[in-house]
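*Asks:* Hey, dropping structure.txt in here, compact mmCIF, N, CA and C atoms:
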```txt
# COMPACT_ATOMS: atom_id res chain seq x y z
N MET B 28 -5.79 11.27 61.94
CA MET B 28 -5.58 10.94 60.55
C MET B 28 -6.38 9.68 60.23
N ARG B 29 -7.08 9.71 59.12
CA ARG B 29 -7.95 8.60 58.72
C ARG B 29 -7.32 7.85 57.55
N VAL B 30 -7.28 6.53 57.65
CA VAL B 30 -6.72 5.68 56.60
C VAL B 30 -7.75 4.63 56.20
N ALA B 31 -7.77 4.30 54.90
CA ALA B 31 -8.66 3.26 54.39
C ALA B 31 -7.83 2.27 53.57
N PHE B 32 -8.36 1.08 53.40
CA PHE B 32 -7.69 0.03 52.65
C PHE B 32 -8.57 -0.40 51.49
N SER B 33 -7.93 -0.82 50.39
CA SER B 33 -8.68 -1.24 49.21
C SER B 33 -8.05 -2.47 48.59
N GLY B 34 -8.89 -3.40 48.18
CA GLY B 34 -8.42 -4.59 47.47
C GLY B 34 -7.77 -5.62 48.37
N ASP B 35 -7.30 -6.69 47.72
CA ASP B 35 -6.58 -7.74 48.45
C ASP B 35 -5.25 -7.18 48.92
N THR B 36 -4.79 -7.68 50.05
CA THR B 36 -3.50 -7.25 50.59
C THR B 36 -2.61 -8.47 50.79
N SER B 37 -1.32 -8.28 50.62
CA SER B 37 -0.41 -9.41 50.82
C SER B 37 -0.25 -9.70 52.31
N THR B 38 -0.39 -8.67 53.13
CA THR B 38 -0.42 -8.82 54.58
C THR B 38 -1.88 -8.91 55.00
N GLU B 39 -2.17 -9.73 55.98
CA GLU B 39 -3.54 -9.89 56.44
C GLU B 39 -4.14 -8.52 56.77
N ARG B 40 -5.30 -8.23 56.24
CA ARG B 40 -5.95 -6.93 56.41
C ARG B 40 -6.08 -6.56 57.88
N GLU B 41 -6.50 -7.51 58.69
CA GLU B 41 -6.69 -7.23 60.12
C GLU B 41 -5.38 -6.78 60.77
N LEU B 42 -4.26 -7.37 60.37
CA LEU B 42 -2.96 -6.99 60.91
C LEU B 42 -2.61 -5.57 60.48
N LEU B 43 -2.87 -5.21 59.22
CA LEU B 43 -2.62 -3.85 58.76
C LEU B 43 -3.47 -2.85 59.54
N GLU B 44 -4.73 -3.18 59.75
CA GLU B 44 -5.62 -2.29 60.49
C GLU B 44 -5.16 -2.15 61.94
N ASP B 45 -4.73 -3.25 62.55
CA ASP B 45 -4.23 -3.20 63.93
C ASP B 45 -3.00 -2.31 64.02
N ARG B 46 -2.09 -2.44 63.07
CA ARG B 46 -0.88 -1.61 63.07
C ARG B 46 -1.24 -0.13 62.92
N ALA B 47 -2.20 0.16 62.07
CA ALA B 47 -2.64 1.54 61.87
C ALA B 47 -3.23 2.10 63.17
N THR B 48 -4.08 1.32 63.82
CA THR B 48 -4.70 1.75 65.07
C THR B 48 -3.65 1.98 66.15
N GLU B 49 -2.69 1.08 66.24
CA GLU B 49 -1.62 1.21 67.23
C GLU B 49 -0.79 2.48 66.99
N ALA B 50 -0.72 2.92 65.74
CA ALA B 50 0.02 4.14 65.40
C ALA B 50 -0.82 5.39 65.62
N GLY B 51 -2.06 5.21 66.11
CA GLY B 51 -2.92 6.35 66.39
C GLY B 51 -3.78 6.79 65.23
N LEU B 52 -3.88 5.96 64.19
CA LEU B 52 -4.69 6.29 63.02
C LEU B 52 -6.10 5.76 63.18
N HIS B 53 -7.04 6.43 62.56
CA HIS B 53 -8.43 5.96 62.52
C HIS B 53 -8.61 5.16 61.24
N VAL B 54 -9.05 3.92 61.35
CA VAL B 54 -9.26 3.06 60.18
C VAL B 54 -10.71 3.21 59.73
N ALA B 55 -10.89 3.61 58.48
CA ALA B 55 -12.21 3.78 57.90
C ALA B 55 -12.49 2.65 56.92
N THR B 56 -13.74 2.25 56.82
CA THR B 56 -14.10 1.19 55.88
C THR B 56 -14.49 1.77 54.52
N SER B 57 -14.78 3.06 54.49
CA SER B 57 -15.12 3.71 53.23
C SER B 57 -14.24 4.93 53.04
N LEU B 58 -14.25 5.46 51.85
CA LEU B 58 -13.42 6.60 51.51
C LEU B 58 -14.28 7.86 51.44
N SER B 59 -13.79 8.94 52.02
CA SER B 59 -14.48 10.23 51.95
C SER B 59 -13.44 11.33 51.82
N ARG B 60 -13.90 12.55 51.76
CA ARG B 60 -12.97 13.69 51.71
C ARG B 60 -12.14 13.79 52.99
N LEU B 61 -12.59 13.15 54.05
CA LEU B 61 -11.87 13.17 55.33
C LEU B 61 -10.74 12.14 55.39
N THR B 62 -10.70 11.23 54.43
CA THR B 62 -9.67 10.19 54.41
C THR B 62 -8.33 10.81 54.03
N SER B 63 -7.32 10.53 54.84
CA SER B 63 -5.99 11.10 54.63
C SER B 63 -5.11 10.25 53.72
N LEU B 64 -5.39 8.94 53.68
CA LEU B 64 -4.52 8.02 52.95
C LEU B 64 -5.29 6.76 52.58
N LEU B 65 -5.07 6.28 51.35
CA LEU B 65 -5.63 5.00 50.91
C LEU B 65 -4.48 4.05 50.66
N VAL B 66 -4.57 2.87 51.26
CA VAL B 66 -3.55 1.83 51.09
C VAL B 66 -4.12 0.71 50.24
N THR B 67 -3.39 0.33 49.20
CA THR B 67 -3.83 -0.72 48.30
C THR B 67 -2.62 -1.49 47.78
N ASN B 68 -2.84 -2.71 47.32
CA ASN B 68 -1.73 -3.49 46.78
C ASN B 68 -1.33 -2.99 45.39
N ASP B 69 -2.23 -2.25 44.71
CA ASP B 69 -1.96 -1.75 43.37
C ASP B 69 -2.47 -0.31 43.23
N PRO B 70 -1.61 0.68 43.56
CA PRO B 70 -2.05 2.08 43.50
C PRO B 70 -2.51 2.53 42.11
N GLY B 71 -2.13 1.82 41.06
CA GLY B 71 -2.54 2.18 39.72
C GLY B 71 -3.82 1.52 39.26
N SER B 72 -4.46 0.76 40.15
CA SER B 72 -5.67 0.03 39.77
C SER B 72 -6.84 0.99 39.58
N GLY B 73 -7.89 0.49 39.00
CA GLY B 73 -9.07 1.30 38.75
C GLY B 73 -10.22 0.97 39.67
N THR B 74 -9.92 0.47 40.88
CA THR B 74 -11.01 0.16 41.81
C THR B 74 -11.76 1.44 42.17
N SER B 75 -12.97 1.28 42.62
CA SER B 75 -13.79 2.46 42.94
C SER B 75 -13.14 3.32 44.03
N LYS B 76 -12.52 2.69 45.02
CA LYS B 76 -11.87 3.47 46.08
C LYS B 76 -10.67 4.25 45.54
N VAL B 77 -9.88 3.64 44.66
CA VAL B 77 -8.73 4.33 44.09
C VAL B 77 -9.20 5.50 43.23
N VAL B 78 -10.21 5.28 42.43
CA VAL B 78 -10.75 6.34 41.58
C VAL B 78 -11.26 7.49 42.44
N LYS B 79 -12.02 7.16 43.48
CA LYS B 79 -12.56 8.18 44.38
C LYS B 79 -11.43 8.93 45.09
N ALA B 80 -10.41 8.20 45.54
CA ALA B 80 -9.28 8.84 46.21
C ALA B 80 -8.61 9.85 45.29
N ARG B 81 -8.42 9.48 44.04
CA ARG B 81 -7.81 10.39 43.07
C ARG B 81 -8.69 11.64 42.88
N GLN B 82 -9.99 11.45 42.84
CA GLN B 82 -10.91 12.58 42.69
C GLN B 82 -10.83 13.53 43.88
N PHE B 83 -10.66 12.97 45.08
CA PHE B 83 -10.56 13.77 46.29
C PHE B 83 -9.17 14.34 46.52
N GLY B 84 -8.18 13.85 45.77
CA GLY B 84 -6.79 14.27 45.99
C GLY B 84 -6.14 13.56 47.17
N THR B 85 -6.71 12.41 47.54
CA THR B 85 -6.19 11.61 48.65
C THR B 85 -4.99 10.80 48.17
N PRO B 86 -3.85 10.85 48.87
CA PRO B 86 -2.72 10.04 48.47
C PRO B 86 -3.05 8.54 48.48
N VAL B 87 -2.54 7.82 47.49
CA VAL B 87 -2.72 6.37 47.39
C VAL B 87 -1.34 5.73 47.42
N VAL B 88 -1.12 4.83 48.38
CA VAL B 88 0.18 4.18 48.52
C VAL B 88 0.02 2.68 48.57
N ASP B 89 1.11 1.97 48.28
CA ASP B 89 1.08 0.51 48.40
C ASP B 89 1.42 0.10 49.82
N GLU B 90 1.34 -1.19 50.09
CA GLU B 90 1.58 -1.70 51.44
C GLU B 90 2.98 -1.42 51.94
N ALA B 91 3.98 -1.50 51.06
CA ALA B 91 5.36 -1.27 51.47
C ALA B 91 5.55 0.18 51.93
N ALA B 92 4.99 1.11 51.18
CA ALA B 92 5.08 2.52 51.56
C ALA B 92 4.35 2.78 52.88
N PHE B 93 3.20 2.14 53.05
CA PHE B 93 2.45 2.28 54.29
C PHE B 93 3.26 1.74 55.47
N GLY B 94 3.90 0.59 55.27
CA GLY B 94 4.74 0.02 56.33
C GLY B 94 5.86 0.98 56.72
N GLN B 95 6.46 1.63 55.74
CA GLN B 95 7.52 2.60 56.03
C GLN B 95 6.96 3.80 56.79
N LEU B 96 5.79 4.27 56.39
CA LEU B 96 5.15 5.38 57.11
C LEU B 96 4.89 5.01 58.57
N LEU B 97 4.43 3.79 58.79
CA LEU B 97 4.15 3.35 60.16
C LEU B 97 5.43 3.30 60.99
N ARG B 98 6.54 2.94 60.38
CA ARG B 98 7.80 2.88 61.10
C ARG B 98 8.28 4.30 61.47
N ASP B 99 7.86 5.29 60.67
CA ASP B 99 8.32 6.65 60.87
C ASP B 99 7.40 7.51 61.75
N VAL B 100 6.22 7.00 62.11
CA VAL B 100 5.25 7.80 62.84
C VAL B 100 5.21 7.40 64.31
N GLU B 101 4.94 8.37 65.16
CA GLU B 101 4.72 8.10 66.56
C GLU B 101 3.35 8.63 66.94
N PRO B 102 2.55 7.85 67.68
CA PRO B 102 1.22 8.31 68.03
C PRO B 102 1.30 9.52 68.97
N ALA B 103 0.31 10.40 68.85
CA ALA B 103 0.24 11.57 69.73
C ALA B 103 -0.23 11.14 71.10
N ASP B 104 0.13 11.93 72.12
CA ASP B 104 -0.36 11.65 73.47
C ASP B 104 -1.85 11.94 73.55
N GLY B 105 -2.54 11.10 74.31
CA GLY B 105 -3.97 11.32 74.55
C GLY B 105 -4.78 10.88 73.42
```
Show the structure stored in the file as structure tokens.
*Replies:*
Amino acid sequence: MRVAFSGDTSTERELLEDRATEAGLHVATSLSRLTSLLVTNDPGSGTSKVVKARQFGTPVVDEAAFGQLLRDVEPADG
């Protein structure tokens, strides 16, 4: 699963990326049709990544929702 981040974050970006990696997610610096999730501090914003995510049908969530997803996921073996 590929995740990308957009905009300023209330939690340090590097920490969010580390948590995503530890959960077995691939952190991408850009958004594509392969991106599974976009995390941003303002899902309703008009940033280029949010607009592109909406065009691709990629879910856009805020940091709190992402944190909850990380608590609920377990990395796959291997």
*Asks:* Need the shell around stretch 49-64 of chain B: protein/DNA/RNA residues with any atom at most 7 Å away, counting all atoms listed in the file. Skip same-chain ones fewer than 5 positions apart. Format as a PyMOL selection string?
*Replies:* chain B and resi 28-32+44+76+80+83+85-88+97+100-103
*Asks:* Stretch 37-49 of chain B, all listed atoms, 4 Å padding on each side: what axis-aligned box centre and edge lengths in Å to one decimal come out, as AutoDock Vina command-line options?
*Replies:*
```
--center_x -3.5 --center_y -3.7 --center_z 58.9 --size_x 14.4 --size_y 20.4 --size_z 24.6
```
*Asks:* Find the residues near B:Ser33: any atom within 8 Å, counting only C-alpha atoms, skip ones fewer than 3 places away on the same chain, and give them as a PDB file with N, CA and C atoms, in the frame of the given file.
*Replies:*
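And here is the file that came out, selection-v2.pdb:
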```pdb
ATOM      1  N   LEU B  65      -5.070   6.280  51.350  1.00  0.00           N
ATOM      2  CA  LEU B  65      -5.630   5.000  50.910  1.00  0.00           C
ATOM      3  C   LEU B  65      -4.480   4.050  50.660  1.00  0.00           C
ATOM      4  N   VAL B  66      -4.570   2.870  51.260  1.00  0.00           N
ATOM      5  CA  VAL B  66      -3.550   1.830  51.090  1.00  0.00           C
ATOM      6  C   VAL B  66      -4.120   0.710  50.240  1.00  0.00           C
ATOM      7  N   THR B  67      -3.390   0.330  49.200  1.00  0.00           N
ATOM      8  CA  THR B  67      -3.830  -0.720  48.300  1.00  0.00           C
ATOM      9  C   THR B  67      -2.620  -1.490  47.780  1.00  0.00           C
ATOM     10  N   ASN B  68      -2.840  -2.710  47.320  1.00  0.00           N
ATOM     11  CA  ASN B  68      -1.730  -3.490  46.780  1.00  0.00           C
ATOM     12  C   ASN B  68      -1.330  -2.990  45.390  1.00  0.00           C
ATOM     13  N   THR B  74      -9.920   0.470  40.880  1.00  0.00           N
ATOM     14  CA  THR B  74     -11.010   0.160  41.810  1.00  0.00           C
ATOM     15  C   THR B  74     -11.760   1.440  42.170  1.00  0.00           C
ATOM     16  N   LYS B  76     -12.520   2.690  45.020  1.00  0.00           N
ATOM     17  CA  LYS B  76     -11.870   3.470  46.080  1.00  0.00           C
ATOM     18  C   LYS B  76     -10.670   4.250  45.540  1.00  0.00           C
ATOM     19  N   VAL B  77      -9.880   3.640  44.660  1.00  0.00           N
ATOM     20  CA  VAL B  77      -8.730   4.330  44.090  1.00  0.00           C
ATOM     21  C   VAL B  77      -9.200   5.500  43.230  1.00  0.00           C
TER      22      VAL B  77
END
```
*Asks:* DSSP on the backbone, helix (DSSP H, G or I) only: what residues of chain B does that give? Format it as number ranges by chain.
*Replies:* B: 40-49, 75-83, 90-99
*Asks:* Suppose you want the space between atom C of B:Val78 and atom CA of B:Asp99; what is it in Å?
*Replies:*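 Value for the atom C of B:Val78-atom CA of B:Asp99 distance: 26.9 Å.
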*Asks:* Identify which of the residues B:Arg81, B:Ser37, B:Arg46, B:Ser72 lies closest to B:Gln95, counting only C-alpha atoms when measuring atom-to-atom distances.
*Replies:*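 Ranked by minimum distance to B:Gln95, first place goes to B:Arg46.
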*Asks:* What does the distance between atom CA of B:Asp89 and atom CA of B:Arg40 come to in Å, to one decimal place?
*Replies:* 13.0 Å
*Asks:* Got a sec to tell me which of chain B DSSP assigns to strand (DSSP E or B), as a list in words?
*Replies:*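 The strand (DSSP E or B) subset of chain B is Arg29, Val30, Ala31, Phe32, Ser33, His53, Val54, Ala55, Leu64, Leu65, Val66, Thr67, Val87 and Val88 of chain B.
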*Asks:* What does the structure give for the distance between atom C of B:Leu43 and atom N of B:Pro70, in Å to one decimal?
*Replies:*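 We find that atom C of B:Leu43 and atom N of B:Pro70 lie 16.5 Å from each other.
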*Asks:* Using only C-alpha atoms, which residue out of B:Ala47, B:Thr36, B:Gly71, B:Glu41 lies closest to B:Leu96?
*Replies:*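 Ranked by minimum distance to B:Leu96, first place goes to B:Ala47.
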